[in-house]
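Encoded as structure tokens, the structure appears first; notes follow it.
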Amino acid sequence: MWDGFAEDRVDVRQDAECGPYIMIPPAEIARVETLLATYGIPFTLEDDTHAPIGTPEAAVIEFGKGADVERIQHVLDSVR
């Protein structure tokens, strides 16, 4: 899946405190939520209070520390 910012691929990133997450444009939230729900992948959509200052507006979707990162990445890669 492409993130829509600059044609960059959406990669599942890791955070020591929160676990795996992705950042996407807010316009893609519904599409990504539907995709994740279709594959039964649990997630939490964070509010914008956690967005780093000076970054483009982005939605953060967290998957939790026990998430199957390889499976999530595979699902995201299956879409453009």
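Scheme for the structure tokens: letters A, B, ... for chains in order shown; per-chain residue numbers from 1; ligand numbers from 1 in order shown.
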Can you pull out every residue within 10 Å of Pro26 in chain A, counting only C-alpha atoms, but drop anything in the same chain fewer than 5 positions away, and send it as JSON, numbers by chain? {"A": [4, 57, 58, 59, 60]}
Env of Phe43 in chain A: 10 Å cut, atoms = only C-alpha atoms, seq-sep filter 5 positions within chain, self excluded. Answer as number ranges by chain. A: 20-21, 33, 36-37, 61-64, 67
Next, write the just-selected residues to a file, as a PDB file, in the first residue's frame, keeping N, CA and C atoms as the atom set.
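Dumped to selection.pdb:
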ATOM      1  N   PRO A  20       3.967  -1.991  17.153  1.00  0.00           N
ATOM      2  CA  PRO A  20       3.927  -1.664  15.736  1.00  0.00           C
ATOM      3  C   PRO A  20       2.814  -0.665  15.391  1.00  0.00           C
ATOM      4  N   TYR A  21       3.091   0.158  14.373  1.00  0.00           N
ATOM      5  CA  TYR A  21       2.118   1.162  13.947  1.00  0.00           C
ATOM      6  C   TYR A  21       2.396   1.556  12.500  1.00  0.00           C
ATOM      7  N   GLU A  33      -9.025   1.121   7.496  1.00  0.00           N
ATOM      8  CA  GLU A  33      -9.830   0.453   8.524  1.00  0.00           C
ATOM      9  C   GLU A  33     -10.609  -0.717   7.924  1.00  0.00           C
ATOM     10  N   LEU A  36      -8.109  -3.605   7.137  1.00  0.00           N
ATOM     11  CA  LEU A  36      -7.679  -4.309   8.345  1.00  0.00           C
ATOM     12  C   LEU A  36      -8.815  -5.145   8.935  1.00  0.00           C
ATOM     13  N   ALA A  37     -10.023  -4.610   8.951  1.00  0.00           N
ATOM     14  CA  ALA A  37     -11.182  -5.345   9.472  1.00  0.00           C
ATOM     15  C   ALA A  37     -11.473  -6.581   8.625  1.00  0.00           C
ATOM     16  N   ILE A  61      -2.142   4.515  13.148  1.00  0.00           N
ATOM     17  CA  ILE A  61      -2.871   3.300  13.494  1.00  0.00           C
ATOM     18  C   ILE A  61      -1.901   2.382  14.221  1.00  0.00           C
ATOM     19  N   GLU A  62      -2.245   2.037  15.461  1.00  0.00           N
ATOM     20  CA  GLU A  62      -1.402   1.162  16.278  1.00  0.00           C
ATOM     21  C   GLU A  62      -2.002  -0.239  16.291  1.00  0.00           C
ATOM     22  N   PHE A  63      -1.115  -1.235  16.398  1.00  0.00           N
ATOM     23  CA  PHE A  63      -1.547  -2.632  16.362  1.00  0.00           C
ATOM     24  C   PHE A  63      -1.336  -3.375  17.669  1.00  0.00           C
ATOM     25  N   GLY A  64      -0.628  -2.802  18.611  1.00  0.00           N
ATOM     26  CA  GLY A  64      -0.379  -3.472  19.891  1.00  0.00           C
ATOM     27  C   GLY A  64       0.859  -4.343  19.832  1.00  0.00           C
ATOM     28  N   ALA A  67       1.110  -7.899  17.996  1.00  0.00           N
ATOM     29  CA  ALA A  67       0.648  -7.968  16.602  1.00  0.00           C
ATOM     30  C   ALA A  67       1.604  -8.756  15.714  1.00  0.00           C
TER      31      ALA A  67
END
For Val12 in chain A, list every protein, DNA or RNA residue within 12 Å, evaluated using only C-alpha atoms, and leave out those in the same chain fewer than 3 positions away; present the list as a list in words.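 Result of the neighbour search: Met1, Trp2, Asp3, Arg9, Asp15, Gly19, Pro20, Tyr21, Ile22, Met23, Ile24, Val60, Ile61, Glu62, Phe63, Gly64, Ala67, Asp68, Val69, Glu70, Arg71, Ile72, Gln73, His74, Val75, Leu76 and Asp77 of chain A.
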Please report, as a ChimeraX atom specification, each residue of range 14-77 of chain A to which DSSP assigns strand (DSSP E) when run on this structure's backbone. /A:14-15,19-24,44-45,59-62
